[in-house]
Amino acid sequence: MIIVLAVLFAVSILTPVLYTWWGRRTFYVLAGVLGAAFLWTFRYLPEVIPAEQSARIGSPNAPPAEVISWIPQLGVELAFRMDALALVMSMLITGVGAAVMLYCARYFPPAERGAGPFAAQLFAFAASMLGLVLSDDLVMLFIFWELTTVLSFLLIGYSAHRIFARRSAIQALVVTTFGGLIMLVGLLWIGELAGSYRLSDILASSSELNGTAVDAAMVLILIGAVSKSALVPFHFWLPAAMAAPTPVSAYLHAAAMVKAGIYLVARFAPGFHDTAFWLPLVLGLGLLTMLIGAYRALRQTDIKLVLAYGTVSQLGFLIMVNGLGTEDAALAGIAMLLAHGLFKAALFMVVGIIDHKTGTRDLRVLSGIGAAQRPLLIVSIIAVASMAGLPPLFGFVAKEVVFESFYGYAEIHGLWGWLVLGGVVLASALTVAYSARFLWGAFATKRHPAEHPAAGAALPPTKFHGRPDAVFIAAPAVLAAATVVFAMTTQPLQYVIEPFASMFEPADPEVEPTYLALWHGLTPVLALSALTWAIGLGLFWLRGRDGRSLRAIPAALDAERNYRASIRSLDDFAAWVTSKTQRGSLGWYLFIIMAVATGVPAGVVAFTGHTVPGHIILAEGPMQLVLGVLIIAGGLGAVWAPKRFMAVLMVSLCGWGIAGQFALQGAPDLALTLLLVESIILVVFVLALRTLPAGIWTQNPTRFRLGRALLGAGFGLVIMIAAAIAMDRRVAEPVSVEYPWMSYDVGHGTNIVNVTLVDIRVWDTFGEITVLAAAATGVASLIFVKRRDVQRRQLHEVPTGSVGRVLSDKALSPRQAKEIQVARSFATVAREAWLVAGRTLAPEHRSIIFEVVTRLMFHAIILLSVYLLLAGHNTPGGGFAGGLLAGLAFVLRYLAGGRYELEAAIPFSAGALMGWGLAVACFTGLTPLIFGGQAFQSFVVDLQLPILGEHHLVSSVLFDVGVYLVVIGLIVDVLRSLGSEIDVRSEQEHRQDSTLGHSIHSQTSLGVAR
Amino acid sequence: MTVNLTLLVVMGAMLAIGIYLILERSLTRVLLGIILISNGVNLLILQTSGRAGESPIVRDGLDSGDYLDPLPQALLLTAIVIAFAMVALLLALIYRSWVLARQDEVTDDEEDRRVATTIGARDPEEDDDVSTETSEFIDAVDPATGTTRTVSPAERNSESDAPTIEDLHQAGES
């Protein structure tokens, strides 16, 4: 079974490709595949029929099953089981499916391109439907159930350019998914109650399952069935779904998908038809649907809608008889289900042919088709007669046993039973009437209505373009023939359905179970049938030939209007909630998030008892207090500062203060690194924001100061309290008590922090330097946009004093202009000796002191950084601190000598530096693997070098070299992006501005002093 | 474990001021707020190592409890450098926003604001009256242009003349 399902889905996936090769001939292939699947179902006959239908999987004489464990933790498995009910359904699905595919091969025009995906969807539907009836696992059942829903949505919306098709598709999807979700709750509930999601297990243990919970779960499952099978109050989606191409209507909305709800009822009926709400729901809604559907079918003017409302009516009928829960009813229910599938699919196909050939389905326009199209008429008469329940057709056979089972039920249950029987007989009479109306509407020669000028005269015959060829008419003909054959020889069907029916108790144990036959003798049931024919034909004669449209029904009872109103109010409610909570202000969203992050922990702290921590010290020493005051002052200063760079300085003050705290606590590595980082951040901030206005102003100043201040204070307070409580309660030993000896004996280093970074927790660090490389690339791509490391001019090509030259004096104050004059007068002084590219800077930007200092310090700083790198394993330092220090040296070169100086100082691509750094780190990790160790395992190499003496090299130092390179690459990348590239861009803009005159740039933070 | 009140208060102040700043509209102040928050979190992590101790350089004669817990320090070192990378990225973002839009502030999300206007608004897809269709074949999508046009039943049923998919393929290739 699993293989067949997999093959079917695979064929569906291949179908669009096949369609581009073969066009609509692909449908022959699909019909062939489904035909083969139809034959495959026969293979199971000898196994399934004699089996014990309700036996659990694995017990002797159980129906064939296949189980593959899928999610054992949740009890979900790919369980498929072929029992008598599944077998009958499989035959219907594959048999009618093959006929529909054949029909499609003529239905679509040869050049229709959209039909490729359509064919795939229709075929996938067949596979899903087969999966649905074979599933023995509730979750699988639900998955296939929803698959059919989604495919139905796609197929109804085939003509997506028509608003009616789109709306109908969405409506069908919403209604059936709504029911499906409710059903899912019921399925999971009953699965939990039974302790198994296996359908056969649940049914086998149904006698132990009772109580309100089971009753309620069954109601939920029935809601799913009712929505899928288009029963009142969900019936409106099915007539609207007639926007689908007719093959879809024939297959999904007559023969197969809408039967899924009936199948579910039939599946659960053996175990659960005696739950509290089952019969009231099934009989009440079923009868109501049957009457409403039949009545409305009688008033339609579109022959496809006559059939659609007829289907609604028949579905009500089917759910009643399948849900009744007696042996006779089960036999009758399945027989009726088959009969309906055969005649209704055939009739839809006839409608499709008429629509295809005449271009209309309006019975007020159609006239004289029957006289011209004899084969079509014959097929239709057979199918319609079967629908009306006339002998000698299968519809009659099925309806006889249905009446008989209701009659038997009424004899036992008295008044209610007779009322149900009366309702069914009335609805069946209406069925006869609308059947006649369909035949009359589609084929008869009609006369003009009374209000027409030519009243009484015959309508001209509708033009029928071409004859439907043999293939087109073959599909409905085969189905119509089947209704005749099954009526003549009822034995095979009796043989197939009986095992399922035998799972039920008979209504009256003393009465012999009924059987399928054309002739049961002169029984009361036959009289009822005759009564329906008489009433039905009378109704047709009186009311059925009315061409006027249906009168509007009261708004409160119009299910579709109610549906649209409720969807409308749901939309409005959603929009209202969104407009109240999502007002568009990102700050407000953040405020809400922070308020929750404050309120929830505050609530937890408030409602759980806590004592004041016992061990509190004010500070480790007076210095810590002083620094603390400094840090808080810096933070408040950042809030106060009206100018951008003042604020940045204030924040840097905080950073430096915290570095001091680190040092006081005993963390020299942290203090060193943080000091370096703060210095670089300060420079980078200035570089990045120099083109922005100096003052921090916004067009929309943020209101709500007090609220923000309170929230900030509250958040800080809550975290303080939480941290104090957590620290007070800490009982566990830190894992790091093992670190000192590990770092010395395993990591071969005495600086525990550094060994932690490059050895104990090296994977963390490796991840971090990757993040650094990614961030650097992000910065570069935001600034360069196209590519970083743009090829610059060679140094000797750059004219002296050209970089950053002030071109226009107009925007300057007289004093600034004078200063520039003085500075330029020094331009002749030769001082290339200090910096390589110093001469390229405009004289007004040069500083001799800065150049000299840079010249003196650069090499010393680089040496120090290498020392920090190499010695970091044993003393404070390491790759991060070393890299940051080296980066600072390059910052110095850039600031003193401009962008050409930076290029001269480090003539490599920043990307290459980081790439090499990552490669070195990788290499350190991989090398031990080659020698049979673990990734990143440290090893020691002792070297005896001349002059330098004995050396003790630890491999993890090499990893630190990788870190060092990545950090340098990061800083150089940031300098080239936020430094050099912004220089270039500002100079270009200045050049444009000097021709355009005054601009916003003359007000930038650094003014002309860049 | 002992609670160091100074560090605790400084951490709280950093977080409080940081939250105040990131709720502003000015991107620069938001960035400063983020830096202050990361400072506060750094102090929180520092406090988890307990009271001040010896710097974690292994020396003889010291018990492992004498050192300042090295694990939070390793975490902090990583956090400090990552914070730098993040600040650089945000600065680049602010610069970009300035170059493109000449503004460095958080603007309102217009799409979100527009939601309010949809309450009760007419949606043609849902609310238009659609005439009932009595045929499926009222129009057809032209495979070449993707536009719809009406097709008469006569034209549709003269299938021998209609182009097949193969013809269309050839037309496309030529």
# chains A, B, ... in the order shown; residues from 1 in each chain; ligands from 1
>>> residues_around(residues="range 720-724 of chain A", least_positions_apart="2", cutoff="7 Å", atoms="only C-alpha atoms", output="PyMOL selection string")
(chain A and resi 613+716-718+726-728) or (chain B and resi 3+8+12)
>>> residues_around(residues="range 73-80 of chain B", least_positions_apart="5", cutoff="9 Å", atoms="only C-alpha atoms", output="PyMOL selection string")
(chain A and resi 667+669-670+673-674+677+752-754+756-757+761+764-765+768+880) or (chain B and resi 38-39+42+45-46+49+68+85)
>>> select_by_dssp(residues="range 396-631 of chain A", states="helix (DSSP H, G or I)", output="VMD selection string")
chain A and resid 396 to 413 415 to 443 470 to 488 491 to 501 524 to 544 555 to 557 559 to 581 586 to 607 622 to 631
>>> residues_around(residues="Leu318 in chain A", least_positions_apart="3", cutoff="12 Å", atoms="only C-alpha atoms", output="MDAnalysis selection string")
chainID A and resid 225:226 229:231 258:266 282:283 285:287 289:290 311:315 321:324 329:341 398:399 402 424
>>> closest_residue(among="A:Val365, A:Ile696, A:Leu913, A:Ala659", to="Asp104 in chain B", atoms="only C-alpha atoms")
A:Ile696
>>> closest_residue(among="B:Leu71, B:Leu27, B:Thr2, B:Tyr20", to="Thr107 in chain B", atoms="only C-alpha atoms")
B:Leu27
>>> closest_residue(among="A:Ala194, A:Gly97, A:Thr532, A:Met646", to="Arg29 in chain B", atoms="only C-alpha atoms")
A:Met646
>>> atom_distance(atom1="CA of Leu975 in chain A", atom2="CA of Ser847 in chain A")
19.9 Å
